[in-house]
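Text of target_30.cif (mmCIF, C-alpha atoms) as supplied:
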```
data_upload
#
loop_
_atom_site.label_atom_id
_atom_site.label_comp_id
_atom_site.auth_asym_id
_atom_site.auth_seq_id
_atom_site.Cartn_x
_atom_site.Cartn_y
_atom_site.Cartn_z
CA MET A 23 -26.03 -2.71 14.83
CA THR A 24 -26.62 1.03 14.78
CA THR A 25 -23.97 2.94 12.87
CA ILE A 26 -22.95 6.50 12.15
CA ALA A 27 -20.78 7.91 9.37
CA SER A 28 -17.61 7.96 11.44
CA GLY A 29 -17.83 4.34 12.60
CA PRO A 30 -19.74 1.84 14.70
CA VAL A 31 -21.55 2.55 17.96
CA GLY A 32 -22.89 0.07 20.47
CA ILE A 33 -19.58 -1.78 20.69
CA ASP A 34 -20.06 -5.15 22.37
CA ARG A 35 -18.01 -8.17 23.40
CA ASP A 36 -18.08 -9.54 19.85
CA THR A 37 -16.64 -6.39 18.28
CA LEU A 38 -13.37 -7.11 16.47
CA LEU A 39 -10.58 -4.59 16.96
CA CYS A 40 -8.17 -3.58 14.22
CA MET A 41 -5.40 -1.05 14.73
CA SER A 42 -2.30 0.60 13.34
CA LEU A 43 1.19 1.20 14.69
CA SER A 44 3.14 4.26 13.58
CA ALA A 45 5.70 6.62 15.01
CA ARG A 46 3.33 9.47 14.09
CA PRO A 47 -0.24 8.13 13.90
CA SER A 48 -2.67 9.93 11.61
CA ASN A 49 -6.45 9.87 11.34
CA PHE A 50 -6.60 8.60 7.75
CA GLY A 51 -6.65 4.86 8.49
CA THR A 52 -8.94 5.27 11.49
CA ARG A 53 -11.49 7.26 9.51
CA PHE A 54 -11.16 5.13 6.37
CA HIS A 55 -11.68 1.76 8.06
CA ASN A 56 -14.37 2.90 10.50
CA HIS A 57 -16.30 4.55 7.67
CA LEU A 58 -16.27 1.29 5.70
CA TYR A 59 -17.31 -0.72 8.77
CA ALA A 60 -20.28 1.63 9.10
CA GLN A 61 -21.13 1.49 5.38
CA LEU A 62 -21.07 -2.31 5.36
CA GLY A 63 -22.60 -2.89 8.80
CA LEU A 64 -19.58 -4.74 10.19
CA ASN A 65 -19.00 -5.21 13.92
CA TYR A 66 -15.42 -3.90 13.82
CA VAL A 67 -13.65 -0.85 15.22
CA TYR A 68 -10.27 0.63 14.23
CA LYS A 69 -7.86 2.64 16.38
CA ALA A 70 -4.42 4.12 15.74
CA PHE A 71 -1.55 3.69 18.21
CA THR A 72 2.14 4.40 18.62
CA THR A 73 4.65 2.56 20.79
CA ASP A 74 8.20 2.64 22.07
CA ASP A 75 8.11 -1.13 22.71
CA LEU A 76 7.31 -2.90 19.46
CA ALA A 77 7.74 -6.44 20.82
CA ALA A 78 5.28 -5.78 23.64
CA ALA A 79 2.80 -4.15 21.26
CA VAL A 80 2.88 -7.16 18.92
CA ALA A 81 2.53 -9.51 21.88
CA GLY A 82 -0.58 -7.55 22.82
CA ILE A 83 -2.01 -8.02 19.33
CA ARG A 84 -1.55 -11.77 19.70
CA ALA A 85 -2.75 -12.09 23.30
CA LEU A 86 -5.81 -9.87 22.98
CA GLY A 87 -7.02 -11.32 19.71
CA ILE A 88 -6.73 -8.04 17.82
CA ARG A 89 -7.74 -9.00 14.29
CA GLY A 90 -5.40 -6.85 12.26
CA CYS A 91 -2.75 -4.17 12.44
CA GLY A 92 -1.41 -1.74 9.88
CA VAL A 93 2.31 -1.08 10.30
CA SER A 94 3.92 2.22 9.30
CA MET A 95 7.29 3.94 9.62
CA PRO A 96 9.59 3.00 11.27
CA TYR A 97 8.42 -0.51 12.20
CA LYS A 98 7.95 -2.25 8.83
CA THR A 99 11.21 -4.21 8.84
CA GLU A 100 11.70 -4.65 12.59
CA VAL A 101 8.24 -6.14 13.09
CA MET A 102 9.00 -9.14 10.87
CA ALA A 103 10.94 -10.89 13.64
CA GLN A 104 7.82 -10.85 15.85
CA LEU A 105 5.56 -12.71 13.39
CA ASP A 106 4.75 -16.39 12.89
CA GLU A 107 4.23 -16.37 9.14
CA ILE A 108 5.20 -13.93 6.38
CA ASP A 109 3.70 -13.83 2.92
CA PRO A 110 6.33 -14.67 0.26
CA ALA A 111 5.95 -11.26 -1.39
CA ALA A 112 6.60 -9.48 1.92
CA THR A 113 9.60 -11.74 2.52
CA ALA A 114 11.03 -10.81 -0.87
CA ILE A 115 10.45 -7.12 -0.17
CA GLY A 116 11.88 -7.35 3.34
CA ALA A 117 9.10 -5.33 4.94
CA VAL A 118 5.60 -5.86 6.36
CA ASN A 119 2.86 -3.25 6.54
CA THR A 120 -0.05 -5.48 7.54
CA ILE A 121 -0.50 -8.06 10.30
CA VAL A 122 -3.44 -10.47 10.35
CA ASN A 123 -4.20 -12.39 13.55
CA THR A 124 -5.95 -15.73 13.03
CA ASP A 125 -6.38 -17.70 16.27
CA HIS A 126 -3.31 -16.00 17.77
CA VAL A 127 -1.13 -16.83 14.76
CA LEU A 128 0.30 -13.62 13.30
CA ALA A 129 0.86 -13.40 9.55
CA GLY A 130 2.59 -10.51 7.80
CA TYR A 131 1.78 -9.02 4.39
CA ASN A 132 2.80 -6.02 2.31
CA THR A 133 -0.01 -4.13 0.58
CA ASP A 134 2.18 -1.08 -0.20
CA TYR A 135 3.88 -2.95 -3.04
CA GLN A 136 0.69 -3.74 -4.94
CA ALA A 137 -0.71 -0.25 -4.38
CA VAL A 138 2.36 1.41 -5.90
CA ARG A 139 2.53 -1.08 -8.74
CA ASP A 140 -1.14 -0.50 -9.58
CA LEU A 141 -0.73 3.30 -9.48
CA LEU A 142 2.29 3.23 -11.79
CA ALA A 143 0.19 1.26 -14.29
CA GLN A 144 -2.93 3.42 -13.87
CA HIS A 145 -0.95 6.62 -14.45
CA GLN A 146 0.89 4.99 -17.36
CA VAL A 147 4.27 6.01 -15.99
CA PRO A 148 6.94 5.24 -18.60
CA ASN A 149 9.49 2.64 -17.49
CA ASP A 150 12.21 3.27 -20.10
CA VAL A 151 13.53 6.36 -18.33
CA GLU A 152 15.78 7.17 -15.37
CA VAL A 153 14.16 6.89 -11.94
CA VAL A 154 15.48 8.07 -8.58
CA LEU A 155 14.17 6.47 -5.39
CA LEU A 156 14.72 8.53 -2.25
CA GLY A 157 14.99 6.38 0.89
CA ALA A 158 15.92 2.83 1.86
CA GLY A 159 13.54 1.97 4.70
CA GLY A 160 10.58 -0.40 4.78
CA MET A 161 8.40 1.68 2.49
CA ALA A 162 11.27 2.22 0.05
CA LYS A 163 11.76 -1.55 -0.16
CA ALA A 164 8.16 -2.05 -1.23
CA VAL A 165 8.35 0.86 -3.69
CA GLY A 166 11.63 -0.40 -5.11
CA GLN A 167 10.17 -3.82 -5.86
CA ALA A 168 7.14 -2.16 -7.44
CA LEU A 169 9.41 -0.06 -9.68
CA ARG A 170 11.24 -3.17 -10.83
CA SER A 171 7.99 -5.03 -11.39
CA HIS A 172 6.75 -2.08 -13.48
CA GLY A 173 9.82 -2.53 -15.69
CA PHE A 174 12.28 0.12 -14.52
CA ASP A 175 15.88 -0.99 -14.99
CA ARG A 176 17.65 2.40 -14.96
CA GLY A 177 17.52 3.77 -11.47
CA THR A 178 19.37 5.05 -8.43
CA VAL A 179 18.58 4.64 -4.75
CA VAL A 180 19.55 7.78 -2.84
CA ALA A 181 20.00 7.11 0.87
CA ARG A 182 22.43 8.51 3.41
CA ASN A 183 22.91 5.15 5.14
CA PRO A 184 25.35 3.22 2.93
CA GLU A 185 24.43 -0.17 4.37
CA THR A 186 20.68 0.03 3.79
CA GLY A 187 21.09 2.04 0.59
CA ARG A 188 23.47 -0.41 -1.05
CA SER A 189 21.38 -3.36 0.14
CA LEU A 190 18.18 -2.06 -1.43
CA ALA A 191 19.97 -1.00 -4.61
CA ALA A 192 21.46 -4.48 -5.00
CA ALA A 193 18.09 -6.13 -4.37
CA ILE A 194 16.38 -4.21 -7.19
CA GLY A 195 19.31 -3.84 -9.59
CA PHE A 196 19.74 -0.07 -9.19
CA GLY A 197 22.76 2.04 -8.37
CA TRP A 198 23.24 3.76 -5.02
CA GLN A 199 24.36 7.25 -4.03
CA PRO A 200 24.32 9.04 -0.67
CA ALA A 201 23.07 12.25 -2.35
CA THR A 202 21.39 13.37 -5.58
CA THR A 203 24.57 14.89 -7.06
CA ASP A 204 24.75 14.68 -10.87
CA LEU A 205 21.40 12.92 -11.18
CA ALA A 206 18.70 14.03 -13.65
CA PRO A 207 15.76 11.63 -13.26
CA VAL A 208 12.59 11.66 -15.31
CA VAL A 209 10.70 9.91 -12.49
CA LEU A 210 11.30 10.88 -8.84
CA VAL A 211 9.95 8.84 -5.94
CA ASN A 212 10.02 10.03 -2.34
CA ALA A 213 9.86 7.11 0.10
CA THR A 214 11.23 9.07 3.07
CA PRO A 215 9.27 10.82 5.87
CA VAL A 216 10.41 14.24 4.65
CA GLY A 217 7.29 16.38 4.30
CA MET A 218 5.29 14.40 6.85
CA ALA A 219 3.22 16.45 9.28
CA GLY A 220 4.60 16.47 12.81
CA GLY A 221 8.10 15.48 11.76
CA PRO A 222 11.30 17.52 11.93
CA ALA A 223 11.30 17.98 8.14
CA ALA A 224 7.59 18.70 7.65
CA ASN A 225 8.26 21.85 5.62
CA ASP A 226 11.21 20.56 3.62
CA LEU A 227 11.77 19.11 0.19
CA PRO A 228 13.34 15.61 0.22
CA ALA A 229 15.83 16.65 -2.47
CA PRO A 230 17.24 19.88 -3.90
CA ALA A 231 14.66 21.90 -5.85
CA GLU A 232 16.84 21.90 -8.97
CA LEU A 233 16.48 18.10 -9.18
CA LEU A 234 12.93 18.71 -10.41
CA ASP A 235 14.21 20.40 -13.57
CA SER A 236 14.36 17.09 -15.43
CA VAL A 237 11.44 15.35 -13.72
CA ARG A 238 8.14 14.58 -15.49
CA THR A 239 6.53 12.35 -12.83
CA VAL A 240 6.71 12.54 -9.03
CA LEU A 241 5.42 9.89 -6.63
CA ASP A 242 5.38 10.95 -2.97
CA VAL A 243 4.34 8.26 -0.47
CA VAL A 244 3.75 10.74 2.37
CA ALA A 245 -0.01 10.84 3.02
CA VAL A 246 -0.28 13.35 5.88
CA PRO A 247 -0.54 15.89 4.50
CA VAL A 248 -1.31 14.86 0.94
CA GLU A 249 -0.12 18.30 -0.20
CA THR A 250 3.50 17.93 0.88
CA PRO A 251 6.07 20.55 -0.12
CA LEU A 252 7.23 18.18 -2.88
CA VAL A 253 3.70 17.67 -4.20
CA VAL A 254 2.89 21.39 -4.10
CA ARG A 255 6.10 22.40 -5.88
CA SER A 256 5.78 19.64 -8.46
CA ARG A 257 2.20 20.51 -9.37
CA ALA A 258 3.11 24.19 -9.65
CA ALA A 259 5.82 23.18 -12.14
CA GLY A 260 3.37 21.17 -14.23
CA ILE A 261 4.82 17.81 -13.20
CA GLU A 262 2.47 14.80 -13.05
CA VAL A 263 2.00 13.79 -9.41
CA ILE A 264 0.97 10.56 -7.72
CA ASP A 265 0.39 11.55 -4.12
CA GLY A 266 0.50 9.65 -0.86
CA GLY A 267 -3.26 9.80 -0.49
CA GLU A 268 -3.64 7.59 -3.55
CA VAL A 269 -1.07 5.11 -2.22
CA THR A 270 -2.62 5.01 1.23
CA ALA A 271 -6.15 4.50 -0.05
CA LEU A 272 -5.22 1.59 -2.35
CA GLN A 273 -3.15 -0.21 0.25
CA ALA A 274 -5.86 0.34 2.87
CA ILE A 275 -8.45 -1.36 0.63
CA ALA A 276 -6.21 -4.43 0.48
CA GLN A 277 -5.76 -4.33 4.26
CA PHE A 278 -9.52 -4.07 4.78
CA GLU A 279 -10.03 -7.19 2.69
CA LEU A 280 -7.37 -9.10 4.64
CA TYR A 281 -9.01 -8.17 7.95
CA THR A 282 -12.66 -8.72 7.02
CA GLY A 283 -12.68 -11.02 3.99
CA ILE A 284 -14.73 -8.36 2.15
CA ARG A 285 -13.53 -6.32 -0.83
CA PRO A 286 -15.32 -2.95 -0.88
CA THR A 287 -16.56 -1.72 -4.24
CA PRO A 288 -14.65 1.14 -5.87
CA GLU A 289 -17.55 3.45 -5.02
CA GLU A 290 -17.55 2.41 -1.33
CA ALA A 291 -13.78 2.79 -1.12
CA ALA A 292 -13.91 6.22 -2.77
CA LEU A 293 -16.50 7.44 -0.27
CA ALA A 294 -14.36 6.16 2.61
CA ALA A 295 -11.22 7.80 1.21
CA ASP A 296 -13.02 11.12 0.73
CA PHE A 297 -14.32 10.95 4.30
CA ALA A 298 -10.85 10.07 5.63
CA ARG A 299 -9.29 13.14 3.98
CA GLN A 300 -11.77 15.60 5.48
#
```

What does the file become when written as structure tokens?
Amino acid sequence: MTTIASGPVGIDRDTLLCMSLSARPSNFGTRFHNHLYAQLGLNYVYKAFTTDDLAAAVAGIRALGIRGCGVSMPYKTEVMAQLDEIDPAATAIGAVNTIVNTDHVLAGYNTDYQAVRDLLAQHQVPNDVEVVLLGAGGMAKAVGQALRSHGFDRGTVVARNPETGRSLAAAIGFGWQPATTDLAPVVLVNATPVGMAGGPAANDLPAPAELLDSVRTVLDVVAVPVETPLVVRSRAAGIEVIDGGEVTALQAIAQFELYTGIRPTPEEAALAADFARQ
């Protein structure tokens, strides 16, 4: 099969389709996966979509034999009811970010959790300090479990919705508050869409600027753009940053392996991630 850097050409009837579902689709996953398909000579193609009818979209994945689907905000929890099987880790988290279709049987996984856990270890983030987790949605659930797995036991979930906020806090053994009042975390994690391009809060910080006074490490899961207002301000203040690009790249490698059965080398994945960010 003839290939180019941005993905496969000469698509035929045997080409396997993978896709993503997001309220605000970006080009990162499309470019990342298609670049790897081209590098490895795989007869796959990847396309990003959005939908206002999640059940119908998932039914289409099943009926059309679409091999895999990445799931982003705000569908990660809602999509679970549409699946046939859910990996135990994703069940424990309460959110799915990856669907694999095998002979029209849909299985759900969560690769966000492992990506965040690996990054916390790689960056040697201390776990004996106070952590604040902003958000209580599907991504926050995965991040929360990763924080607990990393060893954090002093933390607060900050979420305006008391039902989802208290539920996540109870699941990971943290406290809950509707706002950041009186908090002074050493580690701050943003698992909300604040700062995401195209959203109503694209230019905002997810928490008051003064909250950063005590912070030594920031993890922002927003990947588009990588340089969110929180990331920019944190770096300017000399705070260690783990950005959403790192999270997205690691979880995408795990998705790629689930879809294709092939684990790209670190060098291949790095080339794909660099291409995706261009």

Exercise. Out of A:Gly92, A:Ile33, A:Ala77, A:Tyr131, which residue has the shortest atom-to-atom distance to Thr52 of chain A when counting all atoms listed in the file?
Worked result: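 Comparing A:Gly92, A:Ile33, A:Ala77, A:Tyr131 against Thr52 of chain A, the winner is A:Gly92.
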
Problem set entry | Shell around Val269 of chain A at 12 Å using all atoms listed in the file, local window under 4 positions removed, as number ranges by chain | A: 50, 133-142, 144, 161, 164-165, 213, 241-246, 248, 263-265, 273-276, 295

For this session: Decode the PyMOL selection byres ((chain A and resi 175) around 9) for the given file into explicit residues and return them as a ChimeraX atom specification.
Result: /A:149-153,169-170,173-174,176-177,194-196

For this session: Would you list the contacts of Cys40 of chain A as a ChimeraX atom specification, taking every protein, DNA or RNA residue within 6 Å and counting only C-alpha atoms, but skipping same-chain residues closer than 6 positions in sequence?
Result: /A:68,88-91

For this session: Tell me which residues the PyMOL selection byres ((chain A and resi 237) around 10) grabs here, as a ChimeraX atom specification.
Result: /A:152-154,206-210,232-236,238-240,256,259-262

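The space separating atom CA of Pro228 of chain A from atom CA of Thr113 of chain A comes to 27.7 Å.
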
Exercise. Distance atom CA of Ala112 of chain A-atom CA of Thr186 of chain A, one decimal place?
Worked result: 17.1 Å

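Take atom CA of Ile284 of chain A and atom CA of His145 of chain A: the distance between them is 26.3 Å.
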
Taking only residues of segment 90-132 of chain A that have an atom at most 10 Å from an atom of segment 78-82 of chain A, what is each one's shortest atom pair and its distance in Å to one decimal, using all atoms listed in the file, in chain and number order, as CSV?
```
residue,atom,partner,partner_atom,distance
A:Cys91,CA,A:Val80,CA,9.1
A:Val101,CA,A:Val80,CA,8.0
A:Gln104,CA,A:Val80,CA,6.9
A:Leu105,CA,A:Val80,CA,8.3
A:Ile121,CA,A:Val80,CA,9.3
A:His126,CA,A:Ala81,CA,9.6
A:Leu128,CA,A:Val80,CA,8.9
```
